[in-house]
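**Student:** Below is one structure. I have some questions about it.
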There are 2 protein chains.
Amino acid sequence: MQTAENYDQAFNALGDPTRRAIFEKLQQGPLSVVHIADGLPVSRPAVSQHLKVLKEAKLISIQQQGTRSICELNKEGILAMRNYLDKFWDDALEAFKALAEKEERLDNN
Amino acid sequence: MQTAENYDQAFNALGDPTRRAIFEKLQQGPLSVVHIADGLPVSRPAVSQHLKVLKEAKLISIQQQGTRSICELNKEGILAMRNYLDKFWDDALEAFKALAEKEERLDNN
DNA sequence: ACTTACGGTAAGTAAATGCTTACCAATAAC
DNA sequence: GTTATTGGTAAGCATTTACTTACCGTAAGT
């Protein structure tokens, strides 16, 4: 259950608009599969397939309750992506600071 | 030049492993197209196409220097993704805090 | 002027992807 | 026990996507 390094699957998962829609629906709280499929413009089996991808990307978790599959956000995948981006964010910030200073120097000439 | 809401393209862009590789290469600093293509297992035209996607997702910016196209990270797209994730992160954190407390109570029984 | 380096674009192709319908198994409700 | 709900899976299909080679234009180096 390592906390990171699955951002690979995670970015791929959120690259699809339907999956992002599902992801966003779950932001309000746990939902069953039919509930998730309810407002969406795709069939329930399509949703099932998307849920599988999101689950393997550790962006959601699914627990069985009788015949229902209750889905909810999984912070692990979200954290992995955030960590990945933070690295770039920090580095980019450094780079831009340096660049800004350089340009400032140039502007003053 | 609004700062956000292009995470749609951004997630899609980083969903591809080759594009992530390019993105990561640029973390160390600006590079020309041929330099980017150098270590990668795909052809230069393929890189060109990927760069276009990354540029439109505002994850990189490209400036012309003679015949060279110098690419560098663009903090705009990175920030947009971070902001998007932060919303989920905060919400998920709330949800998990509540869950953790509930489970703690159950564990103590 | 000629040649070399750089890189964007077009056309074609093979593989991946997102979707559908059809089907089936399992639990819940009556 | 029978019927409805829930949802996973398989097969097939259409589109998208990531790649290739071929080509062309432009700027630099000689």
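Residues in the structure tokens are named by chain (A, B, ... in the order shown) and by number from 1 within that chain; ligands are numbered from 1 in the order shown.
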Using only C-alpha atoms (C1' of nucleotides), I'd like every residue of chain A that has an atom within 12 Å of chain D; please write them out as a PyMOL selection string.
**Tutor:** chain A and resi 32-35+37+43-49+51-52+64-70
**Student:** Take the residues from that selection and write them out as an mmCIF file, in the first residue's frame, keeping N, CA and C atoms.
**Tutor:**
```
data_model
loop_
_atom_site.group_PDB
_atom_site.id
_atom_site.type_symbol
_atom_site.label_atom_id
_atom_site.label_comp_id
_atom_site.auth_asym_id
_atom_site.auth_seq_id
_atom_site.Cartn_x
_atom_site.Cartn_y
_atom_site.Cartn_z
ATOM 1 N N SER A 32 -23.724 4.463 -5.134
ATOM 2 C CA SER A 32 -23.764 3.149 -5.769
ATOM 3 C C SER A 32 -23.589 3.318 -7.272
ATOM 4 N N VAL A 33 -23.357 2.215 -7.948
ATOM 5 C CA VAL A 33 -23.062 2.267 -9.384
ATOM 6 C C VAL A 33 -24.238 2.839 -10.172
ATOM 7 N N VAL A 34 -25.440 2.403 -9.878
ATOM 8 C CA VAL A 34 -26.598 2.924 -10.615
ATOM 9 C C VAL A 34 -26.774 4.418 -10.376
ATOM 10 N N HIS A 35 -26.506 4.822 -9.149
ATOM 11 C CA HIS A 35 -26.615 6.247 -8.851
ATOM 12 C C HIS A 35 -25.609 7.061 -9.653
ATOM 13 N N ALA A 37 -24.332 6.213 -12.517
ATOM 14 C CA ALA A 37 -24.706 6.161 -13.933
ATOM 15 C C ALA A 37 -25.911 7.036 -14.233
ATOM 16 N N SER A 43 -24.098 4.366 -20.814
ATOM 17 C CA SER A 43 -24.798 3.222 -20.212
ATOM 18 C C SER A 43 -24.144 2.783 -18.909
ATOM 19 N N ARG A 44 -24.860 1.969 -18.159
ATOM 20 C CA ARG A 44 -24.338 1.513 -16.883
ATOM 21 C C ARG A 44 -23.098 0.642 -17.032
ATOM 22 N N PRO A 45 -23.081 -0.296 -18.001
ATOM 23 C CA PRO A 45 -21.846 -1.073 -18.198
ATOM 24 C C PRO A 45 -20.638 -0.182 -18.486
ATOM 25 N N ALA A 46 -20.849 0.871 -19.242
ATOM 26 C CA ALA A 46 -19.742 1.802 -19.501
ATOM 27 C C ALA A 46 -19.229 2.368 -18.184
ATOM 28 N N VAL A 47 -20.146 2.731 -17.318
ATOM 29 C CA VAL A 47 -19.758 3.259 -16.006
ATOM 30 C C VAL A 47 -18.967 2.215 -15.229
ATOM 31 N N SER A 48 -19.426 0.979 -15.289
ATOM 32 C CA SER A 48 -18.733 -0.109 -14.597
ATOM 33 C C SER A 48 -17.279 -0.189 -15.044
ATOM 34 N N GLN A 49 -17.092 -0.080 -16.348
ATOM 35 C CA GLN A 49 -15.742 -0.169 -16.890
ATOM 36 C C GLN A 49 -14.885 1.010 -16.424
ATOM 37 N N LEU A 51 -15.316 2.664 -13.685
ATOM 38 C CA LEU A 51 -15.068 2.514 -12.251
ATOM 39 C C LEU A 51 -13.883 1.589 -12.000
ATOM 40 N N LYS A 52 -13.770 0.581 -12.842
ATOM 41 C CA LYS A 52 -12.650 -0.348 -12.719
ATOM 42 C C LYS A 52 -11.321 0.397 -12.908
ATOM 43 N N GLN A 64 -18.432 -3.653 -1.150
ATOM 44 C CA GLN A 64 -19.674 -4.354 -1.413
ATOM 45 C C GLN A 64 -20.630 -4.214 -0.231
ATOM 46 N N GLN A 65 -21.893 -3.950 -0.559
ATOM 47 C CA GLN A 65 -22.942 -3.944 0.486
ATOM 48 C C GLN A 65 -24.123 -4.698 -0.084
ATOM 49 N N GLY A 66 -24.148 -5.978 0.185
ATOM 50 C CA GLY A 66 -25.155 -6.814 -0.454
ATOM 51 C C GLY A 66 -24.909 -6.856 -1.941
ATOM 52 N N THR A 67 -25.925 -6.495 -2.709
ATOM 53 C CA THR A 67 -25.739 -6.483 -4.163
ATOM 54 C C THR A 67 -25.228 -5.127 -4.646
ATOM 55 N N ARG A 68 -25.122 -4.184 -3.750
ATOM 56 C CA ARG A 68 -24.672 -2.856 -4.143
ATOM 57 C C ARG A 68 -23.162 -2.704 -4.026
ATOM 58 N N SER A 69 -22.605 -1.925 -4.961
ATOM 59 C CA SER A 69 -21.194 -1.547 -4.899
ATOM 60 C C SER A 69 -21.137 -0.065 -4.578
ATOM 61 N N ILE A 70 -20.705 0.226 -3.372
ATOM 62 C CA ILE A 70 -20.632 1.624 -2.947
ATOM 63 C C ILE A 70 -19.251 2.181 -3.243
#
```
**Student:** Tell me, which residues of segment 28-63 of chain A carry DSSP alpha helix (DSSP H), written as a PDB file with C-alpha atoms, in the first residue's frame?
**Tutor:**
```
ATOM      1  CA  VAL A  33     -23.062   2.267  -9.384  1.00  0.00           C
ATOM      2  CA  VAL A  34     -26.598   2.924 -10.615  1.00  0.00           C
ATOM      3  CA  HIS A  35     -26.615   6.247  -8.851  1.00  0.00           C
ATOM      4  CA  ILE A  36     -23.399   7.224 -10.550  1.00  0.00           C
ATOM      5  CA  ALA A  37     -24.706   6.161 -13.933  1.00  0.00           C
ATOM      6  CA  ASP A  38     -27.938   8.021 -13.375  1.00  0.00           C
ATOM      7  CA  GLY A  39     -27.245  11.486 -14.768  1.00  0.00           C
ATOM      8  CA  ARG A  44     -24.338   1.513 -16.883  1.00  0.00           C
ATOM      9  CA  PRO A  45     -21.846  -1.073 -18.198  1.00  0.00           C
ATOM     10  CA  ALA A  46     -19.742   1.802 -19.501  1.00  0.00           C
ATOM     11  CA  VAL A  47     -19.758   3.259 -16.006  1.00  0.00           C
ATOM     12  CA  SER A  48     -18.733  -0.109 -14.597  1.00  0.00           C
ATOM     13  CA  GLN A  49     -15.742  -0.169 -16.890  1.00  0.00           C
ATOM     14  CA  HIS A  50     -14.749   3.338 -15.919  1.00  0.00           C
ATOM     15  CA  LEU A  51     -15.068   2.514 -12.251  1.00  0.00           C
ATOM     16  CA  LYS A  52     -12.650  -0.348 -12.719  1.00  0.00           C
ATOM     17  CA  VAL A  53     -10.078   2.032 -14.187  1.00  0.00           C
ATOM     18  CA  LEU A  54     -10.585   4.572 -11.415  1.00  0.00           C
ATOM     19  CA  LYS A  55     -10.288   1.862  -8.805  1.00  0.00           C
ATOM     20  CA  GLU A  56      -7.038   0.502 -10.205  1.00  0.00           C
TER      21      GLU A  56
END
```
**Student:** Could you pull out the strand (DSSP E) residues of segment 2-92 of chain A, going by DSSP on the backbone, and write them as a count of residues only?
**Tutor:** 14
**Student:** Find the residues near Leu73 of chain A: any atom within 9 Å, counting only C-alpha atoms (C1' of nucleotides), skip ones fewer than 3 places away on the same chain, and give them as a list of chain:residue names.
**Tutor:**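 Using only C-alpha atoms (C1' of nucleotides), the neighbours found are A:Phe23, A:Leu26, A:Gln27, A:Gly29, A:Pro30, A:Lys58, A:Leu59, A:Ile60, A:Ser61, A:Ile62, A:Glu76, A:Gly77, A:Ile78, B:Phe88, B:Ala92, B:Ala95.
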**Student:** Neighbours of Asn6 of chain B within 7 Å (only C-alpha atoms (C1' of nucleotides); same-chain residues fewer than 3 positions away dropped), as a list of chain:residue names?
**Tutor:**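 With the cut-off at 7 Å, the set is B:Gln9, B:Ala10, B:Ala57, B:Gly77, B:Ala80.
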**Student:** I need the contact residues of chain C against chain A, so if you could list those with any atom within 7 Å, counting only C-alpha atoms (C1' of nucleotides), and return them as a list in words, that would help.
**Tutor:** DC19, DA26 and DT27 of chain C
**Student:** Keeping only N, CA and C atoms (P, O5', C5', C4', C3', O3' and C1' of nucleotides), take the residues you just selected and write them out as a compact mmCIF listing (two decimals), in the first residue's frame.
**Tutor:**
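Now in again-v8.txt:
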```txt
# COMPACT_ATOMS: atom_id res chain seq x y z
P DC C 19 -17.39 6.56 -22.76
O5' DC C 19 -18.40 5.56 -23.48
C5' DC C 19 -19.07 6.01 -24.66
C4' DC C 19 -19.57 4.86 -25.47
C3' DC C 19 -20.64 3.99 -24.80
O3' DC C 19 -21.92 4.56 -25.01
C1' DC C 19 -19.10 2.71 -26.14
P DA C 26 -23.46 -16.86 -8.30
O5' DA C 26 -24.02 -15.58 -7.52
C5' DA C 26 -23.17 -14.45 -7.36
C4' DA C 26 -23.94 -13.40 -6.62
C3' DA C 26 -24.70 -13.94 -5.39
O3' DA C 26 -24.58 -13.00 -4.34
C1' DA C 26 -26.20 -12.87 -6.83
P DT C 27 -24.62 -13.55 -2.82
O5' DT C 27 -25.67 -12.54 -2.16
C5' DT C 27 -25.40 -11.16 -2.20
C4' DT C 27 -26.70 -10.40 -2.42
C3' DT C 27 -27.69 -10.48 -1.25
O3' DT C 27 -27.81 -9.17 -0.74
C1' DT C 27 -28.75 -10.61 -3.36
```
**Student:** For chain A against chain B, which residues fall within 6 Å using only C-alpha atoms, given as a list in words?
**Tutor:**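 Close enough to count are Phe11, Asn12 and Gly15 of chain A.
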**Student:** Save the residues we just selected, N, CA and C atoms, as a PDB file, in the first residue's frame?
**Tutor:**
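Heads up, here's the output in selection_17.pdb:
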```
ATOM      1  N   PHE A  11      -3.232   9.755 -13.771  1.00  0.00           N
ATOM      2  CA  PHE A  11      -3.362  10.780 -14.804  1.00  0.00           C
ATOM      3  C   PHE A  11      -4.132  10.241 -15.997  1.00  0.00           C
ATOM      4  N   ASN A  12      -3.810   9.030 -16.362  1.00  0.00           N
ATOM      5  CA  ASN A  12      -4.520   8.413 -17.472  1.00  0.00           C
ATOM      6  C   ASN A  12      -6.019   8.324 -17.179  1.00  0.00           C
ATOM      7  N   GLY A  15      -7.793  11.569 -17.427  1.00  0.00           N
ATOM      8  CA  GLY A  15      -7.722  12.135 -18.756  1.00  0.00           C
ATOM      9  C   GLY A  15      -9.028  12.003 -19.517  1.00  0.00           C
TER      10      GLY A  15
END
```
**Student:** Using atom C1' of DC24 of chain C and atom CA of Gln63 of chain A as the two end points, give the distance in Å to one decimal.
**Tutor:**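 Those two atoms sit 21.4 Å apart.
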